[in-house]
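Q: Supplied structure: coords_34.txt, compact mmCIF, C-alpha atoms.
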# COMPACT_ATOMS: atom_id res chain seq x y z
CA MET A 214 278.13 387.74 0.38
CA THR A 215 281.49 386.06 0.92
CA ILE A 216 283.75 386.59 -2.04
CA ALA A 217 286.36 383.96 -2.75
CA ILE A 218 288.76 384.28 -5.62
CA THR A 219 290.58 381.39 -7.22
CA LEU A 220 293.86 382.17 -8.93
CA VAL A 221 294.83 379.56 -11.49
CA TYR A 222 298.53 379.83 -12.33
CA ASP A 223 301.39 377.77 -13.65
CA ARG A 224 304.16 380.05 -12.41
CA ILE A 225 303.96 382.70 -9.71
CA ARG A 226 305.41 385.87 -11.15
CA TRP A 227 305.68 389.25 -9.42
CA GLU A 228 302.15 390.00 -10.64
CA GLU A 229 300.48 386.90 -9.18
CA LYS A 230 302.16 387.64 -5.86
CA ALA A 231 300.99 391.27 -5.93
CA ILE A 232 297.43 390.20 -6.71
CA SER A 233 297.50 387.60 -3.92
CA LYS A 234 298.64 390.22 -1.42
CA ALA A 235 295.99 392.69 -2.61
CA VAL A 236 293.25 390.06 -2.17
CA GLU A 237 294.43 389.25 1.35
CA ASN A 238 294.78 392.94 2.26
CA GLN A 239 291.12 393.41 1.39
CA GLY A 240 290.17 390.62 3.78
CA LEU A 241 289.04 388.33 0.98
CA SER A 242 289.99 384.72 0.59
CA ILE A 243 292.16 383.47 -2.22
CA ARG A 244 292.78 379.96 -3.37
CA ARG A 245 295.82 379.44 -5.56
CA ILE A 246 295.66 376.45 -7.87
CA ASP A 247 298.62 375.26 -9.91
CA ALA A 248 297.26 374.33 -13.34
CA LYS A 249 300.12 371.84 -13.73
CA GLU A 250 298.63 369.79 -10.90
CA LEU A 251 295.01 369.85 -12.04
CA VAL A 252 293.17 366.69 -13.04
CA LEU A 253 289.97 367.85 -14.70
CA ASP A 254 287.11 365.39 -15.01
CA SER A 255 284.70 366.07 -17.86
CA SER A 256 281.94 363.99 -16.25
CA LYS A 257 281.74 366.03 -13.05
CA GLY A 258 278.70 368.21 -12.54
CA ASP A 259 278.86 372.01 -12.39
CA GLN A 260 278.29 372.20 -8.63
CA GLU A 261 280.99 369.67 -7.84
CA VAL A 262 283.51 371.56 -9.98
CA GLU A 263 282.50 374.84 -8.35
CA ARG A 264 282.95 373.34 -4.89
CA GLU A 265 286.44 372.19 -5.82
CA LEU A 266 287.62 375.18 -7.85
CA GLY A 267 285.45 378.13 -6.82
CA SER A 268 282.90 380.29 -8.61
CA LEU A 269 285.21 383.07 -9.82
CA VAL A 270 288.55 382.22 -11.35
CA LEU A 271 291.33 384.59 -12.34
CA GLN A 272 293.24 382.71 -15.04
CA ARG A 273 296.91 383.74 -15.08
CA CYS A 274 298.81 380.89 -16.76
CA VAL A 275 301.93 381.92 -18.68
CA SER A 276 301.30 379.04 -21.06
CA TYR A 277 298.70 380.25 -23.56
CA PHE A 278 297.34 376.82 -24.38
CA ARG A 279 297.26 375.65 -20.78
CA GLY A 280 295.32 378.73 -19.69
CA LEU A 281 293.00 378.58 -22.67
CA HIS A 282 292.03 374.97 -22.03
CA VAL A 283 291.63 375.37 -18.28
CA ALA A 284 289.37 378.40 -18.89
CA SER A 285 287.35 376.47 -21.48
CA PHE A 286 286.78 373.61 -19.03
CA LEU A 287 285.75 375.93 -16.21
CA GLU A 288 283.38 377.92 -18.40
CA ALA A 289 281.79 374.70 -19.65
CA LYS A 290 281.04 373.95 -15.99
CA GLY A 291 279.41 377.32 -15.47
CA ILE A 292 282.31 379.02 -13.69
CA LYS A 293 283.13 382.63 -14.44
CA VAL A 294 286.70 383.02 -15.67
CA ILE A 295 288.59 386.28 -16.08
CA ASN A 296 289.83 386.73 -18.70
CA SER A 297 287.37 384.57 -20.57
CA SER A 298 288.59 381.77 -22.81
CA GLU A 299 287.42 383.76 -25.85
CA VAL A 300 289.47 386.82 -24.87
CA SER A 301 292.49 384.58 -24.19
CA ARG A 302 292.01 382.81 -27.53
CA ILE A 303 292.05 386.10 -29.41
CA CYS A 304 294.85 387.82 -27.48
CA GLY A 305 297.14 384.79 -27.35
CA ASN A 306 297.24 384.61 -31.12
CA LYS A 307 298.51 387.68 -32.99
CA PHE A 308 296.79 386.57 -36.19
CA LEU A 309 293.40 386.67 -34.43
CA THR A 310 294.23 389.84 -32.48
CA THR A 311 294.93 391.72 -35.71
CA LEU A 312 291.68 390.50 -37.26
CA TYR A 313 289.62 391.60 -34.24
CA LEU A 314 291.40 394.96 -33.99
CA GLU A 315 290.68 395.61 -37.68
CA LYS A 316 287.08 394.50 -37.28
CA GLY A 317 286.64 396.74 -34.24
CA GLY A 318 287.99 399.75 -36.13
CA SER A 319 291.20 400.09 -34.09
CA PRO A 320 294.16 401.59 -35.91
CA THR A 321 296.71 398.79 -36.23
CA PRO A 322 299.68 398.26 -38.57
CA LYS A 323 298.87 396.66 -41.91
CA THR A 324 299.60 392.92 -41.68
CA LEU A 325 299.90 390.20 -44.31
CA PHE A 326 299.42 386.51 -43.50
CA THR A 327 300.77 383.60 -45.50
CA PHE A 328 300.94 379.85 -45.10
CA SER A 329 304.21 379.03 -46.82
CA GLY A 330 307.69 380.50 -46.89
CA GLU A 331 307.46 381.25 -50.61
CA ALA A 332 304.29 383.27 -50.14
CA ALA A 333 305.87 384.97 -47.11
CA LYS A 334 308.74 386.20 -49.30
CA ASN A 335 306.20 387.63 -51.77
CA ALA A 336 304.30 389.25 -48.89
CA ALA A 337 307.46 390.91 -47.57
CA ASP A 338 308.10 392.31 -51.06
CA LEU A 339 304.55 393.61 -51.27
CA LEU A 340 304.73 395.25 -47.85
CA GLY A 341 308.15 396.78 -48.52
CA TYR A 342 311.19 397.05 -46.28
CA PRO A 343 311.70 397.21 -43.42
CA SER A 344 308.82 395.07 -42.18
CA VAL A 345 308.43 392.84 -39.13
CA LEU A 346 308.07 389.06 -38.97
CA LYS A 347 306.38 387.80 -35.81
CA PRO A 348 305.41 384.39 -34.53
CA ILE A 349 301.62 384.28 -34.05
CA VAL A 350 301.89 382.63 -30.62
CA GLY A 351 304.33 383.55 -27.87
CA SER A 352 305.39 386.80 -26.35
CA TRP A 353 308.14 388.83 -24.67
CA GLY A 354 309.47 389.71 -28.13
CA ARG A 355 310.79 386.21 -28.77
CA GLY A 356 311.14 385.37 -32.45
CA VAL A 357 310.20 388.89 -33.55
CA ALA A 358 312.56 389.89 -36.37
CA ARG A 359 312.89 393.01 -38.46
CA LEU A 360 313.11 392.27 -42.18
CA ASN A 361 315.45 395.04 -43.22
CA ASP A 362 315.71 394.14 -46.90
CA LYS A 363 314.87 391.39 -49.39
CA GLU A 364 318.05 389.47 -48.61
CA SER A 365 317.55 389.36 -44.83
CA ALA A 366 313.83 388.60 -45.31
CA SER A 367 314.66 385.55 -47.45
CA ALA A 368 317.21 384.30 -44.94
CA LEU A 369 314.92 384.73 -41.92
CA ILE A 370 311.92 383.19 -43.69
CA GLU A 371 314.04 380.22 -44.84
CA MET A 372 315.18 379.73 -41.24
CA ARG A 373 311.55 379.71 -40.14
CA GLU A 374 310.71 377.14 -42.85
CA ASP A 375 313.23 374.76 -41.27
CA THR A 376 311.75 374.91 -37.77
CA ASN A 377 309.16 372.54 -36.40
CA GLY A 378 307.02 374.79 -34.19
CA LEU A 379 303.30 374.09 -34.38
CA PHE A 380 302.51 377.49 -35.94
CA ASN A 381 305.79 378.24 -37.67
CA GLN A 382 304.36 377.82 -41.16
CA ILE A 383 301.85 380.58 -40.51
CA TYR A 384 303.68 383.77 -41.37
CA TYR A 385 302.63 387.10 -39.89
CA ILE A 386 304.39 390.01 -41.56
CA GLN A 387 303.60 393.49 -40.36
CA LYS A 388 304.32 396.90 -41.78
CA HIS A 389 307.14 398.54 -39.86
CA ILE A 390 305.99 401.72 -38.13
CA PRO A 391 308.68 404.42 -37.93
CA ARG A 392 308.42 405.42 -34.27
CA PRO A 393 310.55 406.89 -31.52
CA PRO A 394 312.65 404.24 -29.69
CA ARG A 395 309.73 403.48 -27.41
CA ASP A 396 306.17 402.19 -27.33
CA ILE A 397 303.33 402.64 -24.87
CA ARG A 398 302.12 399.91 -22.51
CA THR A 399 298.69 400.54 -21.09
CA VAL A 400 296.73 398.52 -18.57
CA VAL A 401 292.98 398.39 -19.05
CA ILE A 402 290.64 396.94 -16.46
CA GLY A 403 287.01 396.67 -17.53
CA ASP A 404 286.17 399.95 -19.23
CA GLU A 405 288.90 401.96 -17.50
CA LEU A 406 292.39 402.75 -18.75
CA ILE A 407 294.20 402.80 -15.43
CA SER A 408 297.86 403.10 -16.32
CA ALA A 409 300.14 404.06 -19.20
CA ASN A 410 303.90 403.99 -19.48
CA TYR A 411 306.52 404.35 -22.15
CA ARG A 412 308.82 401.38 -22.72
CA TYR A 413 312.16 402.39 -24.20
CA SER A 414 314.30 399.91 -26.12
CA PRO A 415 317.45 398.96 -24.23
CA GLN A 416 320.87 399.74 -25.73
CA GLY A 417 321.53 397.72 -28.90
CA GLU A 418 317.93 396.48 -29.16
CA TRP A 419 314.99 397.75 -31.24
CA ARG A 420 312.31 395.79 -29.39
CA THR A 421 310.81 397.57 -26.40
CA ASN A 422 309.68 394.64 -24.24
CA PHE A 423 310.29 395.16 -20.51
CA SER A 424 311.47 391.54 -20.40
CA LYS A 425 314.27 392.56 -22.82
CA GLY A 426 315.46 395.11 -20.28
CA GLY A 427 313.60 398.14 -21.62
CA ARG A 428 313.39 401.31 -19.55
CA ILE A 429 310.03 402.48 -18.16
CA GLU A 430 308.77 406.04 -17.98
CA TYR A 431 305.42 407.53 -17.02
CA CYS A 432 303.13 408.36 -19.95
CA GLU A 433 300.28 410.81 -19.68
CA ILE A 434 296.89 409.45 -20.64
CA THR A 435 295.65 411.68 -23.46
CA SER A 436 292.16 411.50 -24.91
CA GLU A 437 293.62 410.03 -28.14
CA LEU A 438 295.37 407.27 -26.17
CA GLN A 439 292.28 406.61 -24.08
CA ASP A 440 290.05 406.36 -27.16
CA ILE A 441 292.20 403.95 -29.14
CA VAL A 442 293.10 401.77 -26.15
CA LEU A 443 289.52 401.35 -24.96
CA LYS A 444 288.41 400.66 -28.52
CA ALA A 445 291.07 397.96 -28.82
CA SER A 446 290.09 396.46 -25.48
CA GLY A 447 286.47 396.31 -26.56
CA ALA A 448 287.42 394.80 -29.91
CA VAL A 449 288.94 391.73 -28.25
CA GLY A 450 286.20 391.31 -25.65
CA GLY A 451 287.48 393.32 -22.66
CA GLY A 452 288.68 392.27 -19.21
CA ILE A 453 292.10 392.76 -17.64
CA LEU A 454 294.34 393.63 -20.55
CA GLY A 455 297.67 395.09 -21.55
CA VAL A 456 297.18 397.13 -24.71
CA ASP A 457 300.38 398.21 -26.46
CA ALA A 458 300.48 401.18 -28.81
CA MET A 459 303.07 402.91 -30.98
CA GLU A 460 303.43 406.54 -31.99
CA GLY A 461 303.35 406.36 -35.78
CA PRO A 462 303.60 409.23 -38.27
CA GLU A 463 299.81 409.20 -38.69
CA GLY A 464 298.98 408.86 -35.01
CA LEU A 465 298.78 406.08 -32.48
CA VAL A 466 298.42 402.46 -33.60
CA VAL A 467 297.75 399.40 -31.45
CA HIS A 468 300.07 396.51 -32.18
CA GLU A 469 299.36 394.06 -29.39
CA VAL A 470 296.79 393.17 -26.73
CA ASN A 471 297.90 390.92 -23.86
CA SER A 472 295.31 388.95 -21.92
CA ASN A 473 297.75 387.90 -19.21
CA VAL A 474 299.22 391.33 -18.67
CA GLU A 475 302.48 391.74 -16.79
CA PHE A 476 302.50 395.04 -14.91
CA ARG A 477 305.65 394.98 -12.82
CA GLY A 478 307.21 397.64 -15.04
CA ALA A 479 304.03 399.72 -15.16
CA SER A 480 303.79 399.62 -11.36
CA GLN A 481 307.13 401.42 -11.10
CA VAL A 482 305.60 404.60 -12.52
CA SER A 483 301.85 404.20 -12.09
CA ASN A 484 299.83 406.50 -9.83
CA VAL A 485 297.51 403.65 -8.96
CA ASP A 486 298.04 400.24 -7.39
CA ILE A 487 297.27 398.01 -10.37
CA ALA A 488 296.93 394.83 -8.30
CA VAL A 489 294.35 396.53 -6.06
CA LYS A 490 292.45 397.72 -9.14
CA ILE A 491 292.42 394.15 -10.45
CA VAL A 492 290.99 392.88 -7.18
CA ASP A 493 288.34 395.64 -7.16
CA TYR A 494 287.33 394.52 -10.64
CA LEU A 495 287.14 390.87 -9.59
CA VAL A 496 284.93 391.80 -6.62
CA GLN A 497 282.69 393.79 -8.93
CA GLU A 498 282.47 390.86 -11.35
CA ALA A 499 281.72 388.44 -8.49
CA LYS A 500 278.72 390.55 -7.52
CA ARG A 501 277.30 390.69 -11.04
CA MET B 270 315.33 379.40 4.41
CA ASP B 271 318.26 378.02 2.42
CA LYS B 272 318.36 375.06 0.08
CA LYS B 273 321.22 373.49 -1.83
CA CYS B 274 321.31 373.49 -5.63
CA SER B 275 321.10 369.90 -6.86
CA ASP B 276 323.40 370.73 -9.76
CA CYS B 277 326.27 372.75 -8.27
CA ASP B 278 325.62 372.63 -4.51
CA GLY B 279 325.26 376.42 -4.40
CA THR B 280 323.10 377.99 -1.69
CA ILE B 281 319.65 379.15 -2.76
CA VAL B 282 317.98 381.60 -0.39
CA ILE B 283 314.20 381.25 -0.36
CA PRO B 284 312.35 384.37 0.81
CA ASP B 285 310.05 383.88 3.82
CA ASP B 286 307.05 385.11 1.85
CA ALA B 287 307.70 382.82 -1.15
CA LEU B 288 304.57 381.20 -2.55
CA SER B 289 304.23 377.79 -4.15
CA GLY B 290 304.85 378.27 -7.84
CA GLU B 291 307.38 381.06 -7.38
CA ILE B 292 310.68 380.71 -9.20
CA VAL B 293 314.03 380.94 -7.46
CA SER B 294 317.38 380.51 -9.13
CA CYS B 295 320.74 379.31 -7.97
CA PRO B 296 323.05 382.35 -7.66
CA ASP B 297 326.04 380.21 -8.65
CA CYS B 298 324.89 378.30 -11.73
CA GLY B 299 321.59 380.01 -12.60
CA LEU B 300 319.49 376.84 -12.54
CA GLU B 301 315.84 377.70 -11.89
CA TYR B 302 313.63 375.97 -9.36
CA GLU B 303 309.97 376.19 -8.53
CA VAL B 304 309.07 376.60 -4.87
CA ALA B 305 306.69 373.95 -3.58
CA LYS B 306 305.27 374.40 -0.09
CA THR B 307 303.94 371.28 1.57
CA ARG B 308 300.88 371.12 3.84
CA SER B 309 303.16 371.20 6.87
CA ASN B 310 304.56 374.46 5.40
CA SER B 311 308.00 373.06 4.75
CA VAL B 312 309.57 374.15 1.49
CA GLU B 313 310.79 371.96 -1.31
CA LEU B 314 312.34 372.88 -4.62
CA LYS B 315 311.54 371.19 -7.90
CA PRO B 316 313.08 371.90 -11.30
CA ALA B 317 311.30 374.82 -12.98
CA GLU B 318 309.44 374.10 -16.17
CA PRO B 319 311.45 375.30 -19.19
CA VAL B 320 310.01 378.26 -21.09
CA GLY B 321 307.54 377.01 -23.69
CA GLU B 322 306.87 378.27 -27.20
CA ASP B 323 303.40 379.46 -26.11
CA TRP B 324 304.55 381.30 -23.00
CA GLY B 325 303.97 384.98 -22.62
CA GLU B 326 301.70 387.71 -21.40
Translate the structure described by the file into structure tokens.
A:
Amino acid sequence: MTIAITLVYDRIRWEEKAISKAVENQGLSIRRIDAKELVLDSSKGDQEVERELGSLVLQRCVSYFRGLHVASFLEAKGIKVINSSEVSRICGNKFLTTLYLEKGGSPTPKTLFTFSGEAAKNAADLLGYPSVLKPIVGSWGRGVARLNDKESASALIEMREDTNGLFNQIYYIQKHIPRPPRDIRTVVIGDELISANYRYSPQGEWRTNFSKGGRIEYCEITSELQDIVLKASGAVGGGILGVDAMEGPEGLVVHEVNSNVEFRGASQVSNVDIAVKIVDYLVQEAKR
Amino acid sequence: MDKKCSDCDGTIVIPDDALSGEIVSCPDCGLEYEVAKTRSNSVELKPAEPVGEDWGE
């Protein structure tokens, strides 16, 4: 059986390059398709689409909506996409992620949702201070703000009210978890937790995102971490995921699941080659 | 391979193993470009797409 992998991207990051090299090193063929150049024809038959785009697609678009819609098209034409459109839909939207984590029994910070600024101010009061206001779509810590007190909450919520983003009038306010100045990034592939690392906040910053310049350190995989991370992965549908956890006073809580996981930072301290593990998983999925 | 920045004329060095879709930036002015390799394997640069509201992991 010849295995060919199609990588759909809209920007080649370090990760897409690492995956491409790992595919080639295993003697497999890879076709890279820029989603920005695609013209998808709804009337084409499944076989024609498969001939053009392949039978197994790794969807790695940085644009949530672009990736979601490309995956939906491909799946409608019978093509296997990893991660699936459903997993991307859930993980690309924090509102949905929280609902699925709760439903799946994963410990996650209490979150209130509102659909107007006025209700958001009430929600912040109910939750208490500090709490955290997050946009429901988007990542890398952008737009995430700590509501330190009633006054700052009002100001930040009023600023949000004046913006025109598609989802900006959906307010996601999360209980602030007192934690050390770090969180835990894990990479899950299928049913295996393959890597865990601490992400420390950079100087003068409370957010821990690697893209904000956070420092990376190896984190041992304990049974508690393994249990909650795999539970969270299962709750959103599984695949190739970045599950982020925090060390709260009552134990670990999962605050985010990324379906387009960036693992450049994790690779600095991981004992395993994450890109190779991803390719192994794709091969396994191709044979299923 | 080197290319000139269309904005400031700075020199952008493109790594030999660069793939289409990879981002390079001008060391002088910071402007980002997307690498585009043609069928004849020559390299062109096009302006990189600005970061969108829905971008992320």
Q: Taking (288.8, 383.5, -7.0) as a centre in this file's frame and 10 Å as the limit, can you find every polymer residue with an atom that close, using all atoms listed in the file, and give them as a count of residues only?
A: 27
Q: Within 6 Å of chain A, which residues belong to chain B? Use only C-alpha atoms and report them as a list in words.
A: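 Selected residues: Gly290, Glu291, Glu322, Asp323, Trp324, Gly325 and Glu326 of chain B.
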Q: Could you tell me how far CA of Leu369 (chain A) sits from CA of Ala333 (chain A), in Å to one decimal place?
A: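 Value for the CA of Ala333 (chain A)-CA of Leu369 (chain A) distance: 10.4 Å.
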Q: Using Å and a single decimal, report how far CA of Ser344 (chain A) sits from CA of Ser446 (chain A).
A: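 CA of Ser344 (chain A) lies 25.1 Å from CA of Ser446 (chain A).
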Q: For a test of reading the model, state the distance in Å between CA of Ala479 (chain A) and CA of Pro393 (chain A), rounded to one decimal.
A: 19.0 Å
Q: Given the choices A:Ala248, A:Ala332, A:Ser301, A:Arg264, which gets closest to Val283 (chain A) if the distance is worked out from all atoms listed in the file?
A: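 Among A:Ala248, A:Ala332, A:Ser301, A:Arg264, it is A:Ala248 that comes nearest to Val283 (chain A).
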Q: For a quick check of understanding, using only C-alpha atoms, which of B:Val293, B:Lys306, B:Gly321, B:Pro316 has the smallest distance to Ser275 (chain B)?
A: B:Pro316
Q: Show me, as a ChimeraX atom specification, the residues that have an atom within 7 Å of Phe328 (chain A) when counting all atoms listed in the file, minus same-chain residues fewer than 3 positions from it.
A: /A:332,382-384
Q: Take the point (326.0, 372.6, -9.3) as written in the file and pick out every residue within 12 Å of it, counting all atoms listed in the file; give the list as JSON, numbers by chain.
A: {"B": [273, 274, 275, 276, 277, 278, 279, 280, 281, 294, 295, 296, 297, 298, 299, 300, 301]}
Q: Could you put an axis-aligned box around every listed atom of region 242-248 of chain A, padded by 3 Å on each side, and send me its centre and edge lengths in Å to one decimal, as JSON?
A:
{"center_x": 294.3, "center_y": 379.5, "center_z": -6.4, "size_x": 14.6, "size_y": 16.4, "size_z": 19.9}
Q: With the input short on atoms, add N, CA and C atoms back to region 312-325 of chain B and write it as a compact mmCIF listing (two decimals), keeping the file's coordinate frame.
A:
# COMPACT_ATOMS: atom_id res chain seq x y z
N VAL B 312 309.35 373.72 2.87
CA VAL B 312 309.57 374.15 1.49
C VAL B 312 310.44 373.14 0.75
N GLU B 313 309.98 372.82 -0.44
CA GLU B 313 310.79 371.96 -1.31
C GLU B 313 311.04 372.70 -2.61
N LEU B 314 312.06 372.29 -3.31
CA LEU B 314 312.34 372.88 -4.62
C LEU B 314 312.23 371.80 -5.68
N LYS B 315 311.56 372.14 -6.78
CA LYS B 315 311.54 371.19 -7.90
C LYS B 315 312.01 371.92 -9.15
N PRO B 316 312.56 371.20 -10.11
CA PRO B 316 313.08 371.90 -11.30
C PRO B 316 311.98 372.73 -11.97
N ALA B 317 312.29 373.96 -12.33
CA ALA B 317 311.30 374.82 -12.98
C ALA B 317 311.04 374.32 -14.39
N GLU B 318 309.81 374.48 -14.81
CA GLU B 318 309.44 374.10 -16.17
C GLU B 318 310.19 374.99 -17.17
N PRO B 319 310.77 374.42 -18.22
CA PRO B 319 311.45 375.30 -19.19
C PRO B 319 310.44 376.17 -19.95
N VAL B 320 310.90 377.33 -20.37
CA VAL B 320 310.01 378.26 -21.09
C VAL B 320 309.48 377.60 -22.36
N GLY B 321 308.18 377.65 -22.53
CA GLY B 321 307.54 377.01 -23.69
C GLY B 321 307.31 378.00 -24.82
N GLU B 322 307.10 377.45 -26.01
CA GLU B 322 306.87 378.27 -27.20
C GLU B 322 305.65 379.17 -27.03
N ASP B 323 304.66 378.70 -26.26
CA ASP B 323 303.40 379.46 -26.11
C ASP B 323 303.39 380.31 -24.85
N TRP B 324 304.53 380.49 -24.23
CA TRP B 324 304.55 381.30 -23.00
C TRP B 324 304.57 382.78 -23.33
N GLY B 325 303.93 383.54 -22.43
CA GLY B 325 303.97 384.98 -22.62
C GLY B 325 302.93 385.67 -21.79
